[in-house]
2 protein chains.
Amino acid sequence: MRTRPLKVALLGCGVVGSEVTRIITTQSADLAARIGAPIELAGIAVRRANRVRAGVPAELLTTDATALVKRGDIDVVVEVIGGIEPVRTLITTAFEHGASVVSANKALLAADGASLHAKAVEHGVDLYYEAAVAGAIPLIRPLRESLAGDKVNRVLGIVNGTTNFILDKMDSTGAGYSEALDEATALGYAEADPTADVEGFDAAAKAAILAGIAFHTRVTIDDVHREGLTEVTAADIASARKMGCTVKLLAICERARDGRSVTARVHPAMIPLSHPLASVRGAYNAVFVEAEAAGQLMFYGPGAGGAPTASAVLGDLVAACRNKLAATTGAGESAYTQLPVSPMGDVVTRYHISLDVADKPGVLAQVATVFAEHDVSIDTVRQQGRNQGSGDDAAVEQGGGRREGGEASLVVVTHRAPDAALSATVSSLRKLDTVRGVASIMRVEGE
Amino acid sequence: MRTRPLKVALLGCGVVGSEVTRIITTQSADLAARIGAPIELAGIAVRRANRVRAGVPAELLTTDATALVKRGDIDVVVEVIGGIEPVRTLITTAFEHGASVVSANKALLAADGASLHAKAVEHGVDLYYEAAVAGAIPLIRPLRESLAGDKVNRVLGIVNGTTNFILDKMDSTGAGYSEALDEATALGYAEADPTADVEGFDAAAKAAILAGIAFHTRVTIDDVHREGLTEVTAADIASARKMGCTVKLLAICERARDGRSVTARVHPAMIPLSHPLASVRGAYNAVFVEAEAAGQLMFYGPGAGGAPTASAVLGDLVAACRNKLAATTGAGESAYTQLPVSPMGDVVTRYHISLDVADKPGVLAQVATVFAEHDVSIDTVRQQGRNQGSGDDAAVEQGGGRREGGEASLVVVTHRAPDAALSATVSSLRKLDTVRGVASIMRVEGE
């Protein structure tokens, strides 16, 4: 084994950074054996150097991150600061000074992964970021390496623990969105400003990264259709239950059937209770991958947290160090297919639509005509009392949809159709006088 | 991109080999883009060259595998023949002639992985075998690379699809073992001679491979305690249900609590229905990994079949080819911990024991005394009528265990204890006159 250590610089020392520090300092013999040389923590860039951090050697702390990445003797820079700037400049500077980079930064990778990869190639170094998607769950390496000889057609995942916690809580207790969010906040699963999670920005960044890797093309967060879960109601969840489904915030990346384009989207969707993703509880993450030869694979685990994220960072750090020792680089970006990303309107999916309708004959006929005009085929129609719980549904005969003495409500589930056609159908339905309102629209996936 | 192709030799052209051939020939542009150079199938060694194989170029077939691996211009040999010899010699010869090897051969790797790895290192080539464990499910690469900076404490998995199909069938239909095996055979899930699957040899080979990689030590199939599922009865499955459990044939690899040894075993066990492995249906495989920082991860997918196995082979082939191009090798064997493998007696587990006992007072006291003498603590005791279904159990008071007018049966579930103590307890119980027989013993895991 080489005795001269590889030097590692750490940018950021919050929850993840301090766990990375702990593992590097306490597991040094194991890491050295696995890498083939010892590693040495050469410096830790922080915002406030005088804050006491348990287990973090104070003499390594510096507030000058730029000077740290410019030292020239650093083999690998580990970045766990997050955000776009100054991180992008720091990473680029690290590359220019010959360091490989391990990052947990989904926002930056989803915004500008291509230029970072190009910079890494230019300087003959590695850029790894397993920790950016789904915490400790190995996903990027399996997609990029294990499935390198296969053709991935679909990636369907729960990649945000906060929203899964909220939806799981709503599903298991009947709570509304606000109540479930409050509990998530109280338990530390949601941040004080939960926007990035509940509006789907976090999941969209991960979807962009996964889609790019899965389909060997470039996808940025701007290409990802995004809907959060703030409008999901307890009634939606109850409706899902009636269909034998549950509601999850899904990141879905698909190759079009003709193979000429891809799509990436994040939105709440109903999935059947029998689908493996339906039983993913609490803040766990899970990603389902469908590949031509491999079939259906699922990867499950903790999607966030200091220790799990540090595990993913360390795996990448060992790989980057091994490559440095061997004077080589690992499998980098593979974007050769240059497949374009189609808009949401081209996505083929199914809708579950709840309509509040006038209580008079002929309503279903009108509604059905609107679907037919948009070439959207109806799978099932059910009538249910408005604001009523489960248990009193009745299948609706053609020409029915009527409930004596109460406001009627129609639940329509469509067959698969382009999202644009489904969306146009809903617009037309809103214009019918007999349709008093569209109570909810949710896509149905995973069947 | 380099235009001179990398040359690949294929040993074996059965279900997996023909699928490997199909992917190499039909996906050549994708593979070339991912590798950085085209690959060329240079020869396929088969037993009978004159058999027609759809999609397999007849001019590549040869019956002289030795000559093929000795050609000297082969970059990577893909071995999908299986078994120990002549494969070991062929692989060694391939190494000596400068070829990396991708193998799907669990038996060989579990018997003699260490010497093969040493040979690969000696000749500066790669030895990859993702397909040897759990088909398409990425497991070896995640354990070896993604978790390279973490400490794995436990691997618990369903790694044999045939036995999972049989147990799932028994659980869902109440069928007995023979009936479920017949169905598995009829559907092609079990081979004509099912011994390797139902006696646990196949799972034991996989357990050895997983344990070695997870704990960075050497484990061979001879180190793995092995019990098959041929003695699992419909009554055992019914008993499991009563405890809120199901029965699975598990491969379990554990690091001892003191960290100084490891264990590896394959046997049927009850696991709670709430455990993610409990819902693994049919011939699917799933492996649960517990690591110190990452927490609990699960990997799920098809564990066998031509196409899934070929997917794993191709992933390794791409990696081996990339390494050849970069004149480097990937992460090889890591056995530096040299942790010894402890015998089954040292494993700490729980037993579920069904006893047929005499119907008279004092029996439970006698039985409880035997447990106490062996320092095995009892969790629960239940009495049930022999040959009776569920629904008429009664909790047993101390001094009870008695059923008027029927032969009594006691079901004891222990707390955690060394397997040797549990096993000695059962031997002593058999010697009591009041114990007419030990109807079943099963370990309880996953809690």
# chains A, B, ... in the order shown; residues from 1 in each chain; ligands from 1
>>> closest_atom_pairs(of="chain A", to="chain B", cutoff="7 Å", atoms="only C-alpha atoms", output="JSON lines")
{"residue": "A:Leu31", "atom": "CA", "partner": "B:Gly149", "partner_atom": "CA", "distance": 6.4}
{"residue": "A:Ala33", "atom": "CA", "partner": "B:Tyr336", "partner_atom": "CA", "distance": 6.8}
{"residue": "A:Arg34", "atom": "CA", "partner": "B:Ser334", "partner_atom": "CA", "distance": 6.7}
{"residue": "A:Ala136", "atom": "CA", "partner": "B:Ala294", "partner_atom": "CA", "distance": 5.2}
{"residue": "A:Ile137", "atom": "CA", "partner": "B:Leu297", "partner_atom": "CA", "distance": 6.6}
{"residue": "A:Pro138", "atom": "CA", "partner": "B:Ser146", "partner_atom": "CA", "distance": 6.1}
{"residue": "A:Pro142", "atom": "CA", "partner": "B:Pro138", "partner_atom": "CA", "distance": 6.2}
{"residue": "A:Glu145", "atom": "CA", "partner": "B:Gly315", "partner_atom": "CA", "distance": 6.0}
{"residue": "A:Ser146", "atom": "CA", "partner": "B:Gly315", "partner_atom": "CA", "distance": 4.6}
{"residue": "A:Leu147", "atom": "CA", "partner": "B:Gly315", "partner_atom": "CA", "distance": 5.3}
{"residue": "A:Ala148", "atom": "CA", "partner": "B:Gly315", "partner_atom": "CA", "distance": 4.9}
{"residue": "A:Gly149", "atom": "CA", "partner": "B:Leu314", "partner_atom": "CA", "distance": 4.6}
{"residue": "A:Asp150", "atom": "CA", "partner": "B:Ser311", "partner_atom": "CA", "distance": 5.7}
{"residue": "A:Ala293", "atom": "CA", "partner": "B:Ala307", "partner_atom": "CA", "distance": 4.7}
{"residue": "A:Ala294", "atom": "CA", "partner": "B:Pro308", "partner_atom": "CA", "distance": 3.9}
{"residue": "A:Gly295", "atom": "CA", "partner": "B:Pro308", "partner_atom": "CA", "distance": 6.5}
{"residue": "A:Gln296", "atom": "CA", "partner": "B:Gly301", "partner_atom": "CA", "distance": 5.7}
{"residue": "A:Leu297", "atom": "CA", "partner": "B:Gly301", "partner_atom": "CA", "distance": 4.3}
{"residue": "A:Met298", "atom": "CA", "partner": "B:Tyr300", "partner_atom": "CA", "distance": 4.9}
{"residue": "A:Phe299", "atom": "CA", "partner": "B:Phe299", "partner_atom": "CA", "distance": 4.9}
{"residue": "A:Tyr300", "atom": "CA", "partner": "B:Met298", "partner_atom": "CA", "distance": 4.9}
{"residue": "A:Gly301", "atom": "CA", "partner": "B:Leu297", "partner_atom": "CA", "distance": 4.4}
{"residue": "A:Pro302", "atom": "CA", "partner": "B:Gly295", "partner_atom": "CA", "distance": 6.9}
{"residue": "A:Ala307", "atom": "CA", "partner": "B:Ala293", "partner_atom": "CA", "distance": 4.7}
{"residue": "A:Pro308", "atom": "CA", "partner": "B:Ala294", "partner_atom": "CA", "distance": 4.0}
{"residue": "A:Ser311", "atom": "CA", "partner": "B:Ala294", "partner_atom": "CA", "distance": 5.3}
{"residue": "A:Ala312", "atom": "CA", "partner": "B:Ser146", "partner_atom": "CA", "distance": 6.5}
{"residue": "A:Leu314", "atom": "CA", "partner": "B:Gly149", "partner_atom": "CA", "distance": 4.6}
{"residue": "A:Gly315", "atom": "CA", "partner": "B:Ser146", "partner_atom": "CA", "distance": 4.6}
{"residue": "A:Asp316", "atom": "CA", "partner": "B:Ser146", "partner_atom": "CA", "distance": 6.8}
{"residue": "A:Val318", "atom": "CA", "partner": "B:Ala148", "partner_atom": "CA", "distance": 6.4}
{"residue": "A:Ala319", "atom": "CA", "partner": "B:Glu145", "partner_atom": "CA", "distance": 6.9}
{"residue": "A:Ser334", "atom": "CA", "partner": "B:Arg34", "partner_atom": "CA", "distance": 6.7}
{"residue": "A:Tyr336", "atom": "CA", "partner": "B:Ala33", "partner_atom": "CA", "distance": 6.8}
>>> write_last_selection(atoms="C-alpha atoms", output="CSV table (one decimal), in the first residue's frame")
chain,number,residue,atom,x,y,z
A,31,LEU,CA,-10.7,3.4,4.2
A,33,ALA,CA,-7.3,-0.7,3.0
A,34,ARG,CA,-10.1,-0.2,0.6
A,136,ALA,CA,-27.7,6.5,0.8
A,137,ILE,CA,-29.5,4.6,-1.9
A,138,PRO,CA,-27.1,3.5,-4.6
A,142,PRO,CA,-26.2,1.2,-10.7
A,145,GLU,CA,-22.5,1.2,-14.5
A,146,SER,CA,-24.6,-1.9,-13.6
A,147,LEU,CA,-27.1,-1.1,-16.3
A,148,ALA,CA,-24.5,0.2,-18.8
A,149,GLY,CA,-25.3,-2.7,-21.1
A,150,ASP,CA,-29.1,-2.4,-20.8
A,293,ALA,CA,-33.3,-6.8,-20.3
A,294,ALA,CA,-33.2,-6.5,-16.5
A,295,GLY,CA,-36.9,-6.0,-16.1
A,296,GLN,CA,-38.2,-4.3,-13.0
A,297,LEU,CA,-35.7,-3.3,-10.3
A,298,MET,CA,-36.3,-1.4,-7.1
A,299,PHE,CA,-33.9,0.4,-4.9
A,300,TYR,CA,-35.0,1.4,-1.4
A,301,GLY,CA,-33.6,3.2,1.6
A,302,PRO,CA,-33.2,6.4,3.6
A,307,ALA,CA,-25.2,9.6,8.1
A,308,PRO,CA,-27.0,8.1,5.0
A,311,SER,CA,-22.4,7.0,3.3
A,312,ALA,CA,-23.0,7.9,-0.3
A,314,LEU,CA,-17.8,8.2,1.2
A,315,GLY,CA,-18.5,5.6,-1.5
A,316,ASP,CA,-17.8,8.2,-4.1
A,318,VAL,CA,-13.3,5.9,-2.2
A,319,ALA,CA,-13.9,5.6,-5.9
A,334,SER,CA,-22.8,9.7,-21.1
A,336,TYR,CA,-24.5,10.6,-26.5
>>> residues_around(residues="range 195-210 of chain B", least_positions_apart="4", cutoff="8 Å", atoms="only C-alpha atoms", output="PyMOL selection string")
chain B and resi 106-107+109-111+132-134+140+155+159-160+162-163+190+214+219-221+223-230+251-253+264-267
>>> atom_distance(atom1="CA of Lys431 in chain B", atom2="CA of Ala240 in chain B")
25.9 Å
>>> residues_around(residues="Ala184 in chain A", least_positions_apart="3", cutoff="10 Å", atoms="only C-alpha atoms", output="list in words")
Thr162, Thr163, Phe165, Ile166, Lys169, Ser178, Glu179, Ala180, Leu181, Leu187, Gly188, Tyr189, Ala190, Glu191, Pro194, Gly282 and Ala283 of chain A
>>> select_by_dssp(residues="range 206-383 of chain B", states="helix (DSSP H, G or I)", output="PyMOL selection string")
chain B and resi 206-215+221-223+234-242+276-279+306-325+344-346+363-373
>>> select_by_dssp(residues="range 209-325 of chain A", states="strand (DSSP E or B)", output="PyMOL selection string")
chain A and resi 225-226+245-255+262-272+284-291+295-302
